[in-house]
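Data file: entry-v8.txt. Format and content: compact mmCIF, C-alpha atoms.
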```txt
# COMPACT_ATOMS: atom_id res chain seq x y z
CA MET A 5 16.01 17.08 81.20
CA HIS A 6 15.51 20.78 80.43
CA ILE A 7 13.45 21.17 83.60
CA LEU A 8 16.27 19.68 85.65
CA GLU A 9 18.77 22.06 84.06
CA ARG A 10 16.74 25.05 85.19
CA SER A 11 16.79 24.26 88.87
CA VAL A 12 15.51 26.25 91.79
CA ASN A 13 18.91 27.89 92.13
CA ASP A 14 18.44 29.52 88.71
CA PHE A 15 15.72 31.78 90.06
CA ASP A 16 16.68 35.47 90.30
CA ALA A 17 14.15 37.57 92.22
CA SER A 18 15.29 40.84 90.62
CA LEU A 19 14.42 39.50 87.18
CA ALA A 20 10.88 38.83 88.38
CA ILE A 21 10.22 41.95 90.46
CA GLY A 22 11.39 44.54 87.91
CA PRO A 23 9.39 43.48 84.83
CA ILE A 24 6.26 42.70 86.84
CA GLN A 25 6.43 46.02 88.69
CA VAL A 26 6.77 48.02 85.46
CA GLY A 27 4.11 46.00 83.69
CA GLY A 28 1.77 46.25 86.67
CA LEU A 29 2.07 50.03 86.91
CA LEU A 30 1.48 50.46 83.17
CA SER A 31 -1.50 48.13 83.40
CA ALA A 32 -2.91 50.25 86.23
CA ALA A 33 -2.58 53.35 84.04
CA LEU A 34 -4.37 51.56 81.22
CA PHE A 35 -7.15 50.59 83.62
CA GLY A 36 -7.57 54.29 84.39
CA CYS A 37 -8.08 54.90 80.66
CA LEU A 38 -10.54 52.01 80.56
CA SER A 39 -12.52 53.51 83.44
CA CYS A 40 -12.76 56.89 81.69
CA GLN A 41 -13.85 55.26 78.44
CA SER A 42 -16.46 53.18 80.26
CA TYR A 43 -17.92 56.31 81.84
CA VAL A 44 -18.05 58.08 78.46
CA TYR A 45 -19.75 55.10 76.86
CA LEU A 46 -22.41 54.70 79.57
CA ALA A 47 -23.07 58.46 79.56
CA LYS A 48 -23.26 58.96 75.79
CA PHE A 49 -24.78 55.69 74.61
CA ALA A 50 -27.43 54.94 77.18
CA ASN A 51 -29.80 53.82 74.42
CA ASP A 52 -27.53 51.02 73.19
CA HIS A 53 -28.78 47.45 73.26
CA LEU A 54 -28.74 45.86 76.71
CA ALA A 55 -26.40 43.09 75.53
CA LEU A 56 -23.80 45.62 74.40
CA LYS A 57 -23.97 47.48 77.69
CA ALA A 58 -23.64 44.14 79.49
CA VAL A 59 -20.44 43.42 77.52
CA VAL A 60 -18.95 46.77 78.49
CA SER A 61 -19.97 46.36 82.13
CA ALA A 62 -18.55 42.84 82.28
CA VAL A 63 -15.22 43.97 80.84
CA PHE A 64 -15.01 46.86 83.29
CA PHE A 65 -15.79 44.83 86.41
CA ILE A 66 -13.49 41.97 85.38
CA GLN A 67 -10.69 44.46 84.83
CA LEU A 68 -11.47 46.06 88.16
CA GLY A 69 -10.79 42.67 89.75
CA HIS A 70 -7.67 42.36 87.59
CA PHE A 71 -6.52 45.78 88.85
CA VAL A 72 -6.99 44.71 92.49
CA CYS A 73 -4.97 41.57 91.78
CA ILE A 74 -2.15 43.61 90.28
CA ILE A 75 -2.01 45.98 93.26
CA SER A 76 -1.98 43.04 95.64
CA THR A 77 0.77 41.34 93.62
CA LEU A 78 2.94 44.45 93.63
CA TRP A 79 2.43 44.87 97.37
CA THR A 80 3.41 41.27 98.03
CA MET A 81 6.46 41.36 95.79
CA THR A 82 7.83 44.70 96.98
CA VAL A 83 6.65 44.98 100.60
CA SER A 84 5.46 41.74 102.18
CA THR A 85 8.38 39.65 100.93
CA TYR A 86 10.99 42.38 101.44
CA GLY A 87 14.15 40.80 102.81
CA ASP A 88 13.08 37.29 101.81
CA PRO A 89 13.17 37.08 98.01
CA SER A 90 13.07 33.28 98.17
CA GLN A 91 9.30 33.58 98.63
CA LEU A 92 9.07 34.92 95.08
CA GLN A 93 9.94 31.51 93.66
CA VAL A 94 6.15 31.12 93.48
CA PHE A 95 3.73 33.74 92.18
CA PRO A 96 1.53 35.42 94.80
CA LEU A 97 -2.07 34.21 94.96
CA ALA A 98 -3.31 37.48 93.44
CA ALA A 99 -1.14 36.94 90.35
CA ASP A 100 -2.64 33.48 89.92
CA LEU A 101 -6.14 34.97 90.16
CA ALA A 102 -5.28 37.49 87.45
CA ILE A 103 -4.75 34.66 84.93
CA PRO A 104 -8.43 33.60 84.53
CA LEU A 105 -9.64 37.22 84.81
CA SER A 106 -7.47 38.33 81.90
CA ALA A 107 -8.64 35.31 79.91
CA PHE A 108 -12.31 36.18 80.38
CA THR A 109 -11.72 39.76 79.25
CA ALA A 110 -9.94 38.63 76.09
CA PHE A 111 -12.61 36.01 75.36
CA ILE A 112 -15.50 38.47 75.73
CA VAL A 113 -13.88 41.07 73.48
CA GLN A 114 -12.85 38.55 70.83
CA SER A 115 -16.37 37.10 70.82
CA PHE A 116 -17.75 40.60 70.32
CA TYR A 117 -15.49 41.19 67.32
CA ALA A 118 -16.40 37.77 65.87
CA PHE A 119 -20.07 38.74 66.16
CA ARG A 120 -19.37 42.10 64.51
CA LEU A 121 -17.57 40.30 61.68
CA TRP A 122 -20.63 38.08 61.15
CA ARG A 123 -22.96 41.10 61.06
CA LEU A 124 -20.76 42.90 58.55
CA SER A 125 -19.95 40.02 56.22
CA GLN A 126 -23.13 37.98 56.66
CA LYS A 127 -20.88 34.91 56.34
CA LYS A 128 -20.31 32.25 58.96
CA PHE A 129 -16.96 30.63 58.21
CA LEU A 130 -14.52 33.28 59.46
CA PRO A 131 -16.59 34.32 62.53
CA ILE A 132 -16.90 30.66 63.59
CA LEU A 133 -13.19 30.09 62.93
CA CYS A 134 -12.24 33.12 65.06
CA GLU A 135 -14.56 32.01 67.83
CA MET A 136 -13.12 28.50 67.81
CA ILE A 137 -9.57 29.84 68.01
CA SER A 138 -10.60 32.07 70.90
CA ILE A 139 -12.19 29.09 72.65
CA VAL A 140 -8.94 27.13 72.24
CA ALA A 141 -7.03 29.99 73.90
CA GLN A 142 -9.66 30.22 76.64
CA ILE A 143 -9.56 26.50 77.42
CA SER A 144 -5.76 26.55 77.48
CA THR A 145 -5.74 29.40 79.97
CA LEU A 146 -8.41 27.81 82.17
CA ILE A 147 -6.37 24.59 82.28
CA LEU A 148 -3.30 26.61 83.28
CA SER A 149 -5.08 28.49 86.07
CA PRO A 150 -5.45 25.64 88.63
CA ARG A 151 -1.95 24.45 87.81
CA ALA A 152 -0.63 27.93 88.58
CA PHE A 153 -2.23 27.78 92.03
CA HIS A 154 -0.30 24.58 92.78
CA MET A 155 3.08 25.57 91.33
CA THR A 156 6.12 25.12 93.54
CA ASN A 157 8.65 26.96 91.40
CA LEU A 158 8.24 29.54 88.65
CA THR A 159 11.02 28.34 86.37
CA VAL A 160 9.89 24.73 86.60
CA PHE A 161 6.30 25.79 85.95
CA GLU A 162 7.35 27.68 82.82
CA ASP A 163 9.15 24.68 81.41
CA SER A 164 6.46 22.15 82.27
CA GLN A 165 3.60 24.26 80.88
CA ILE A 166 5.38 25.81 77.90
CA SER A 167 3.08 24.14 75.37
CA LEU A 168 -0.16 25.38 76.96
CA ILE A 169 1.19 28.88 77.54
CA THR A 170 2.44 29.16 73.96
CA LEU A 171 -0.85 27.80 72.59
CA SER A 172 -2.81 30.37 74.57
CA PHE A 173 -0.68 33.34 73.47
CA VAL A 174 -0.45 32.31 69.81
CA SER A 175 -4.19 31.57 69.60
CA ARG A 176 -5.05 35.02 70.94
CA ALA A 177 -2.73 36.69 68.45
CA VAL A 178 -4.02 34.67 65.48
CA CYS A 179 -7.65 35.34 66.41
CA ASP A 180 -7.04 39.09 66.67
CA LEU A 181 -5.19 39.22 63.35
CA ILE A 182 -7.84 37.26 61.45
CA THR A 183 -10.68 39.32 62.93
CA THR A 184 -8.98 42.64 62.19
CA VAL A 185 -8.17 41.78 58.57
CA ALA A 186 -11.61 40.28 57.94
CA ILE A 187 -13.54 43.23 59.38
CA ALA A 188 -11.41 45.73 57.44
CA TRP A 189 -11.91 43.69 54.24
CA SER A 190 -15.70 43.53 54.79
CA LEU A 191 -15.85 47.29 55.28
CA TYR A 192 -13.73 47.85 52.19
CA HIS A 193 -16.23 45.91 50.06
CA LYS A 194 -18.97 48.23 51.29
CA ARG A 195 -17.24 51.24 49.68
CA VAL A 196 -19.60 51.11 46.71
CA SER A 197 -21.60 54.20 47.57
CA LYS A 198 -21.22 57.20 45.28
CA ILE A 199 -22.02 59.52 48.19
CA GLU A 200 -18.75 61.12 49.30
CA ASN A 201 -19.72 61.38 52.97
CA THR A 202 -20.59 57.68 53.14
CA THR A 203 -17.30 56.66 51.52
CA THR A 204 -15.35 58.90 53.89
CA MET A 205 -17.15 57.40 56.86
CA ILE A 206 -16.35 53.84 55.75
CA ASP A 207 -12.70 54.81 55.20
CA ARG A 208 -12.56 56.06 58.76
CA LEU A 209 -14.11 52.85 60.04
CA ILE A 210 -11.50 50.81 58.16
CA TYR A 211 -8.69 52.94 59.57
CA TRP A 212 -10.04 52.68 63.11
CA THR A 213 -10.56 48.93 62.80
CA ILE A 214 -6.97 48.41 61.70
CA GLU A 215 -5.70 50.76 64.39
CA THR A 216 -7.49 49.11 67.32
CA GLY A 217 -7.12 45.60 65.95
CA LEU A 218 -3.40 45.90 65.37
CA ALA A 219 -2.92 47.25 68.91
CA THR A 220 -4.30 44.05 70.43
CA SER A 221 -2.74 41.78 67.80
CA LEU A 222 0.75 43.24 68.14
CA MET A 223 0.50 43.17 71.93
CA ALA A 224 -0.43 39.48 71.85
CA VAL A 225 2.42 38.77 69.42
CA VAL A 226 4.89 40.68 71.62
CA VAL A 227 3.83 38.68 74.70
CA ALA A 228 4.23 35.39 72.81
CA VAL A 229 7.66 36.34 71.44
CA LEU A 230 8.92 37.55 74.82
CA PHE A 231 7.77 34.32 76.43
CA LEU A 232 9.57 32.17 73.89
CA VAL A 233 12.76 34.26 73.81
CA LEU A 234 13.11 35.79 77.30
CA LYS A 235 11.47 33.34 79.69
CA GLN A 236 14.26 33.71 82.21
CA ASN A 237 13.57 37.35 83.13
CA PHE A 238 9.73 37.40 83.21
CA VAL A 239 9.48 40.40 80.89
CA TRP A 240 6.74 38.41 79.16
CA PHE A 241 4.66 38.35 82.35
CA GLY A 242 4.96 42.11 82.77
CA ALA A 243 3.75 42.60 79.19
CA TRP A 244 1.00 40.03 79.71
CA LEU A 245 -0.34 42.05 82.67
CA MET A 246 -1.04 44.90 80.24
CA LEU A 247 -2.67 42.76 77.55
CA PRO A 248 -6.26 42.56 78.94
CA ASN A 249 -6.40 46.31 79.50
CA VAL A 250 -5.16 46.93 75.96
CA VAL A 251 -7.91 44.60 74.71
CA GLY A 252 -10.56 46.31 76.85
CA ASN A 253 -9.49 49.78 75.75
CA SER A 254 -9.64 48.74 72.11
CA LEU A 255 -13.25 47.65 72.58
CA LEU A 256 -14.27 50.91 74.27
CA ALA A 257 -12.36 52.98 71.70
CA SER A 258 -14.22 51.31 68.83
CA LEU A 259 -17.56 51.97 70.54
CA ASN A 260 -16.88 55.54 71.66
CA ARG A 261 -15.58 56.63 68.27
CA ARG A 262 -19.18 56.69 67.16
CA LEU A 263 -19.19 60.14 68.74
CA LEU A 264 -16.78 61.29 66.02
CA LEU A 265 -18.99 59.75 63.36
CA GLN A 266 -22.00 61.56 64.79
CA GLU A 267 -20.11 64.85 64.70
CA THR A 268 -19.07 64.14 61.10
CA ARG A 269 -22.66 63.45 60.06
CA SER A 270 -23.87 66.58 61.86
CA ALA A 271 -21.23 68.72 60.15
CA ALA A 272 -22.15 67.20 56.78
CA SER A 273 -25.83 67.87 57.39
CA ARG A 274 -25.13 71.48 58.28
CA GLY A 275 -23.00 71.81 55.18
CA ASN A 276 -25.76 70.43 52.98
CA VAL A 277 -28.31 72.79 54.52
CA GLN A 278 -26.01 75.76 54.00
CA SER A 279 -25.34 74.66 50.42
CA ARG A 280 -29.04 74.37 49.66
CA GLY A 281 -29.61 77.78 51.29
CA SER A 282 -26.97 79.43 49.13
CA ASP A 283 -28.47 77.85 46.01
CA ILE A 284 -31.90 79.23 46.91
CA ASN A 285 -30.47 82.69 47.53
CA THR A 286 -28.78 82.58 44.13
CA LEU A 287 -32.03 81.64 42.40
CA VAL A 288 -33.91 84.41 44.20
CA PHE A 289 -31.25 86.96 43.27
CA ARG A 290 -31.37 85.89 39.60
CA ALA A 291 -35.18 86.03 39.56
CA GLU A 292 -35.19 89.53 41.02
CA ALA A 293 -32.59 90.65 38.46
CA LEU A 294 -34.68 89.34 35.57
CA HIS A 295 -37.79 90.99 36.97
CA ALA A 296 -35.95 94.33 37.20
CA LEU A 297 -34.99 94.09 33.54
```
Would you encode the structure as structure tokens?
Amino acid sequence: MHILERSVNDFDASLAIGPIQVGGLLSAALFGCLSCQSYVYLAKFANDHLALKAVVSAVFFIQLGHFVCIISTLWTMTVSTYGDPSQLQVFPLAADLAIPLSAFTAFIVQSFYAFRLWRLSQKKFLPILCEMISIVAQISTLILSPRAFHMTNLTVFEDSQISLITLSFVSRAVCDLITTVAIAWSLYHKRVSKIENTTTMIDRLIYWTIETGLATSLMAVVVAVLFLVLKQNFVWFGAWLMLPNVVGNSLLASLNRRLLLQETRSAASRGNVQSRGSDINTLVFRAEALHAL
């Protein structure tokens, strides 16, 4: 009955073009940041494990395809269909292709964080739980993808697939929240060292984990809330276009911040050397003074 209420005549092209255009342009800007971060990572961490470099490369190339899909979607919605907004009652093919691409990016990054949680905590329950939740979101999105290719009307598609779409968005948000809290908690329990530099380093890791994790978690929550509250104006889809690039940037930010840790360790090492040098000079000065007496 609800599907019949939202008929084809309810579709307003302006409510689809505006949010998707803004979201697409912001997503393109985020992809530029992702490209810069990928270059920094490959240049500075060439000795990283091959699997880690494969993860970064996969995220970059998937998002490159996502970026091409966004550009094609914007071109179709603002140029090719100009003067005939009725064609926008169905998403362009490029927008449909962006759905599985964004899902693969999110799944790869969430799997990486689940693996990191296992390495930090040395426990299996939470990493397996996070991975299972991510798999649920991935399966939901992959089921939606072929259905999106065969949609005949956007509003009807929203109503008919509301359960799968909501499950996908909520699962992503829950997985990100659990992973972020669990990693931060595991790092907190490692603050047992009496060495000040080590404690400071762990504090920074906790702060960075919360910062990057909350960025992806809040973005996923925002997308889910917008979908449930403002389905009629497609603001949720514009925000969703940005989500995979936010996820990818969070991954690269967590990896590249090792440069700051290296600088911190180098500064601490130089400080220790200078401190030991000043102590030696003091001892020599006192020895010479005693000898003079």
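Distances from A:Val160, A:Val60, A:Ile112, A:Leu34 to Leu46 (chain A) were compared using all atoms listed in the file, and the smallest one belongs to A:Val60.
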Name all residues at most 12 Å from Ile139 (chain A) (count only C-alpha atoms; drop same-chain ones fewer than 3 positions away) and give them as a short mmCIF file (atom, residue, chain, number, x, y, z; two decimals) with C-alpha atoms, in the coordinates of the input.
```
data_model
loop_
_atom_site.label_atom_id
_atom_site.label_comp_id
_atom_site.auth_asym_id
_atom_site.auth_seq_id
_atom_site.Cartn_x
_atom_site.Cartn_y
_atom_site.Cartn_z
CA ALA A 107 -8.64 35.31 79.91
CA PHE A 108 -12.31 36.18 80.38
CA ALA A 110 -9.94 38.63 76.09
CA PHE A 111 -12.61 36.01 75.36
CA ILE A 112 -15.50 38.47 75.73
CA GLN A 114 -12.85 38.55 70.83
CA SER A 115 -16.37 37.10 70.82
CA ALA A 118 -16.40 37.77 65.87
CA ILE A 132 -16.90 30.66 63.59
CA LEU A 133 -13.19 30.09 62.93
CA CYS A 134 -12.24 33.12 65.06
CA GLU A 135 -14.56 32.01 67.83
CA MET A 136 -13.12 28.50 67.81
CA GLN A 142 -9.66 30.22 76.64
CA ILE A 143 -9.56 26.50 77.42
CA SER A 144 -5.76 26.55 77.48
CA THR A 145 -5.74 29.40 79.97
CA LEU A 146 -8.41 27.81 82.17
CA LEU A 171 -0.85 27.80 72.59
CA SER A 172 -2.81 30.37 74.57
CA SER A 175 -4.19 31.57 69.60
CA ARG A 176 -5.05 35.02 70.94
CA CYS A 179 -7.65 35.34 66.41
#
```
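Take the candidates A:Leu105, A:Val113, A:Val59, A:Ile187 and check each one against Gln126 (chain A) using all atoms listed in the file; the shortest distance goes to A:Ile187.
Minimum distance to Phe238 (chain A) across A:Ile137, A:Val174, A:Leu256, A:Leu158 (counting all atoms listed in the file) occurs at A:Leu158.
Note that the spacing between CA of Ala20 (chain A) and CA of Lys235 (chain A) amounts to 10.3 Å.
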Within-10 Å shell of (-13.3, 53.4, 71.8) in input frame, only C-alpha atoms, as a PyMOL selection string: chain A and resi 38+41-42+44-45+212+216+252-263
One residue among A:Ala224, A:Val250, A:Leu54, A:Ala186 is nearest to Phe129 (chain A) when using all atoms listed in the file, and that residue is A:Ala186
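When the distance limit is 9 Å and only C-alpha atoms are what count, the residues near Ile75 (chain A), minus those fewer than 2 positions from it on the same chain, are A:Gly28, A:Leu29, A:Ala32, A:His70, A:Phe71, A:Val72, A:Cys73, A:Thr77, A:Leu78, A:Trp79, A:Thr80, A:Ala98.
With only C-alpha atoms as the atoms that count, the minimum distance from Phe241 (chain A) to the choices A:Ile147, A:Cys40, A:Ile66, A:Ile169 is reached by A:Ile169.
The shell of residues at most 8 Å from Ile214 (chain A), with only C-alpha atoms counted and near chain neighbours (fewer than 5 positions) removed, consists of Thr184, Val185 and Ala188 of chain A.
Using all atoms listed in the file, the nearest neighbour of Asp180 (chain A) within the list A:Leu230, A:Leu148, A:Ala243, A:Val251 is A:Val251.
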Around region 90-102 of chain A, fit a box with edges along x, y and z, padding it by 8 Å on each side, then list its centre and edge lengths in Å to one decimal as AutoDock Vina command-line options.
```
--center_x 3.5 --center_y 34.3 --center_z 93.0 --size_x 35.2 --size_y 22.4 --size_z 27.2
```
